[in-house]
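Read through the structure below, which is laid out as structure tokens, and then see the notes.
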Amino acid sequence: MRITEGSPSPADARDAVPRAPGFDNTLALLAEGYRFLPTRCEALGSDAFTTRLMLRRTLCVRGEDAARMFYQPGRFTRRRTLPPITLALLQDVGSALVMDGEAHRKRKGMLMSLLGPLERQRLVGLAAAQWRAQFARWTQASPGNVHRAAEEVLCRAACQWAGIPISGDEARRRTAEFSAMIDAAGSAGPRSWRAMLVRSRTEHWARALVDAVRSGQVQTPFDSALNVIARHRDADGQLIHRKHAAVELINVLRPTVAVARFIAFAILALHQHPQARERIAQDDVYLEWFAQEVRRYYPFFPAVGGRATHDFDWHGMRIAKGTWVLLDLYGTDHHPAIWGDPGVFRPERFERWQSSGADLIPQGGGDPYSGHRCPGEQATVDLMKSALRLFTTEIGYTVPPQDLSVNLRRMPTLPASGMVIDNVRLMGHAA
């Protein structure tokens, strides 16, 4: 069944939708990656089904109505919904993500205040300067790996923007740490264990920065992210705990570095659709469409989970308090009922698009102020657009033979090669 208007008397969610075969599908999820949820929705003919993941009965959902239900303020908590290692690598205890109610509103308001239009413009300007320096290096020594370069460009820019004094060697070290956290977030085993060791070093560094600001040893601009986070007071009026301040500082920097994946996919899309290059270079509207289609088409994080905070009815289902619900982000961004031809890369689909807040959800849905939607989503789009414009107007390059496949079993994923370019030259220079 597809999700339609419900029956007169709500049934328990476990009885109202089909159940996926298998006692527990945790290993299948890890093996199939992004295709685990969409494949079962398609096989069962339903946008909702139940299964067991990590031995917990789980309601899995996809689609615009599902996203709207999931992001209704106050309906779900993110506490105890992620595997501990994934939580530690992506958010950690004490972050806004695991807060609810007024505590979440106060902390989220602080984070949103850091990413207003002027602040985003400054971040994009710093990243553009770093890209130009990278372009100059590539002209002297290429080929270059777009993903790896984008991670360092964004780490350096984010630290500058946040008011963090950082040397070249330290920038490379922090880039490697943030990269390891992102890369291991959807894995189990040695890759995630190594990333946890890295995470502890990064938290030690971030706590030292918070302590230095509070003691006056480091002077940073009043409105910088480092200063604002270090001096933030939570809903109880108390200064944010130093550990939690360090966590939130990392939660501003690491997601910025994660935008490198979207940038690598954007340059891949540019290679695969070369007719778009001239239009991207000249047309701001088309540039926006192209960036949004990259976010829709290419995989970022596959799903997000939540536990119901109270009983409620949805489409003829009674979802009981405590029910674990997993929303398919990738499957919603590829839902044929929303996108028509989801397997086709077509930026023009955004010409008449008006976001409902529940249709394009690679970084989550809903209202970023009242809910758990990523506070840096608009900054992501801005950084992608700036990189696309720079790559189409300031450099020329070739794309050598390489493995550009995208493995949907790996979470999060990338072009296998990281997107390598060669023969880089500044525009106007001889090839």
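Each chain of the structure tokens is named A, B, ... in the order shown, its residues numbered from 1; ligands are numbered from 1 in display order.
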Inset, instruction - Would you mind writing down, as a PyMOL selection string, each residue of segment 188-355 of chain A that DSSP on the backbone assigns to alpha helix (DSSP H)? - result: chain A and resi 190-215+225-230+242-272+277-282+284-297+329-333+336-339
Legend entry - For atom CA of Pro190 of chain A and atom CA of Gly306 of chain A, the interatomic separation in Å (one decimal):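 These atoms are spaced 26.5 Å apart.
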Inset, instruction - Name all residues at most 9 Å from segment 379-387 of chain A (count only C-alpha atoms; drop same-chain ones fewer than 4 positions away) and give them as a PyMOL selection string. - result: chain A and resi 115-117+120-121+123-125+127-128+131+154+255-256+259-260+262-263+266-267+280+284+287-288+290-292+295+375+391-392
Inset, instruction - Please return as a list in words: the residues of segment 118-351 of chain A that backbone DSSP assigns to strand (DSSP E or B). - result: Gly144, Asn145, Arg233, Leu239, Ala303, Val304, Gly305, Gly306, Arg307, Ala308, Phe312, Asp313, Trp314, Met317, Arg318, Ile319, Trp324, Val325, Leu326, Leu327 and Asp328 of chain A
Inset, instruction - Using only C-alpha atoms, determine which residues lie at most 12 Å from Asp236 of chain A, disregarding the query and same-chain residues fewer than 4 positions distant; provide the list as a ChimeraX atom specification. - result: /A:102-104,106-107,232,240-241
Legend entry - Non-local contacts of Ala416 of chain A (9 Å; only C-alpha atoms; under 4 positions in same chain excluded) as an NGL selection string: :A and (402-407)
Inset, instruction - May I ask which of the residues A:Gln140, A:Thr175, A:Ser113, A:Thr39 is the closest one to Arg156 of chain A, counting only C-alpha atoms? - result: A:Thr175
Contacts of Ala258 of chain A within 10 Å, only C-alpha atoms, excl. fewer than 3 positions in-chain, as a CSV table (one decimal) with N, CA and C atoms, in the first residue's frame:
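The resulting file, around.csv, is reproduced below:
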```csv
chain,number,residue,atom,x,y,z
A,147,HIS,N,37.6,16.1,-3.8
A,147,HIS,CA,37.0,15.9,-2.4
A,147,HIS,C,38.0,16.2,-1.3
A,150,ALA,N,38.6,20.0,-1.2
A,150,ALA,CA,37.4,20.7,-0.7
A,150,ALA,C,37.4,20.5,0.8
A,151,GLU,N,37.7,19.4,1.4
A,151,GLU,CA,37.7,19.2,2.8
A,151,GLU,C,38.7,20.2,3.5
A,154,LEU,N,37.5,23.9,3.1
A,154,LEU,CA,36.3,24.2,4.0
A,154,LEU,C,36.7,24.2,5.5
A,155,CYS,N,37.7,23.3,5.9
A,155,CYS,CA,38.1,23.3,7.2
A,155,CYS,C,38.9,24.6,7.6
A,178,PHE,N,38.2,15.6,11.1
A,178,PHE,CA,36.8,15.8,10.7
A,178,PHE,C,36.4,14.8,9.6
A,179,SER,N,37.3,14.6,8.7
A,179,SER,CA,37.0,13.7,7.6
A,179,SER,C,36.8,12.3,8.1
A,181,MET,N,35.7,11.3,11.0
A,181,MET,CA,34.4,11.2,11.7
A,181,MET,C,33.3,11.1,10.7
A,182,ILE,N,33.3,11.9,9.6
A,182,ILE,CA,32.2,11.9,8.6
A,182,ILE,C,32.2,10.5,7.9
A,183,ASP,N,33.4,10.1,7.5
A,183,ASP,CA,33.5,8.9,6.7
A,183,ASP,C,33.1,7.6,7.4
A,253,LEU,N,31.8,23.0,12.9
A,253,LEU,CA,33.0,22.9,12.0
A,253,LEU,C,32.9,21.6,11.1
A,254,ARG,N,32.6,20.5,11.7
A,254,ARG,CA,32.5,19.2,11.0
A,254,ARG,C,31.5,19.2,9.9
A,255,PRO,N,30.3,19.6,10.1
A,255,PRO,CA,29.3,19.6,9.0
A,255,PRO,C,29.7,20.5,7.8
A,261,ARG,N,31.7,16.7,0.3
A,261,ARG,CA,31.1,15.6,-0.5
A,261,ARG,C,30.1,16.1,-1.5
A,262,PHE,N,29.3,17.1,-1.1
A,262,PHE,CA,28.4,17.7,-2.1
A,262,PHE,C,29.2,18.4,-3.2
A,263,ILE,N,30.3,19.0,-2.9
A,263,ILE,CA,31.1,19.7,-3.9
A,263,ILE,C,31.7,18.7,-4.8
A,300,PHE,N,23.7,11.5,0.3
A,300,PHE,CA,24.4,12.2,1.4
A,300,PHE,C,24.3,11.2,2.6
A,380,THR,N,25.3,25.3,3.2
A,380,THR,CA,25.7,24.2,2.2
A,380,THR,C,25.4,24.6,0.8
```
Legend entry - Interatomic distance, atom CA of Arg75 of chain A to atom CA of Met54 of chain A (Å, one decimal): 22.6 Å
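Going from atom CA of Asp211 of chain A to atom CA of Ala171 of chain A covers 19.9 Å.
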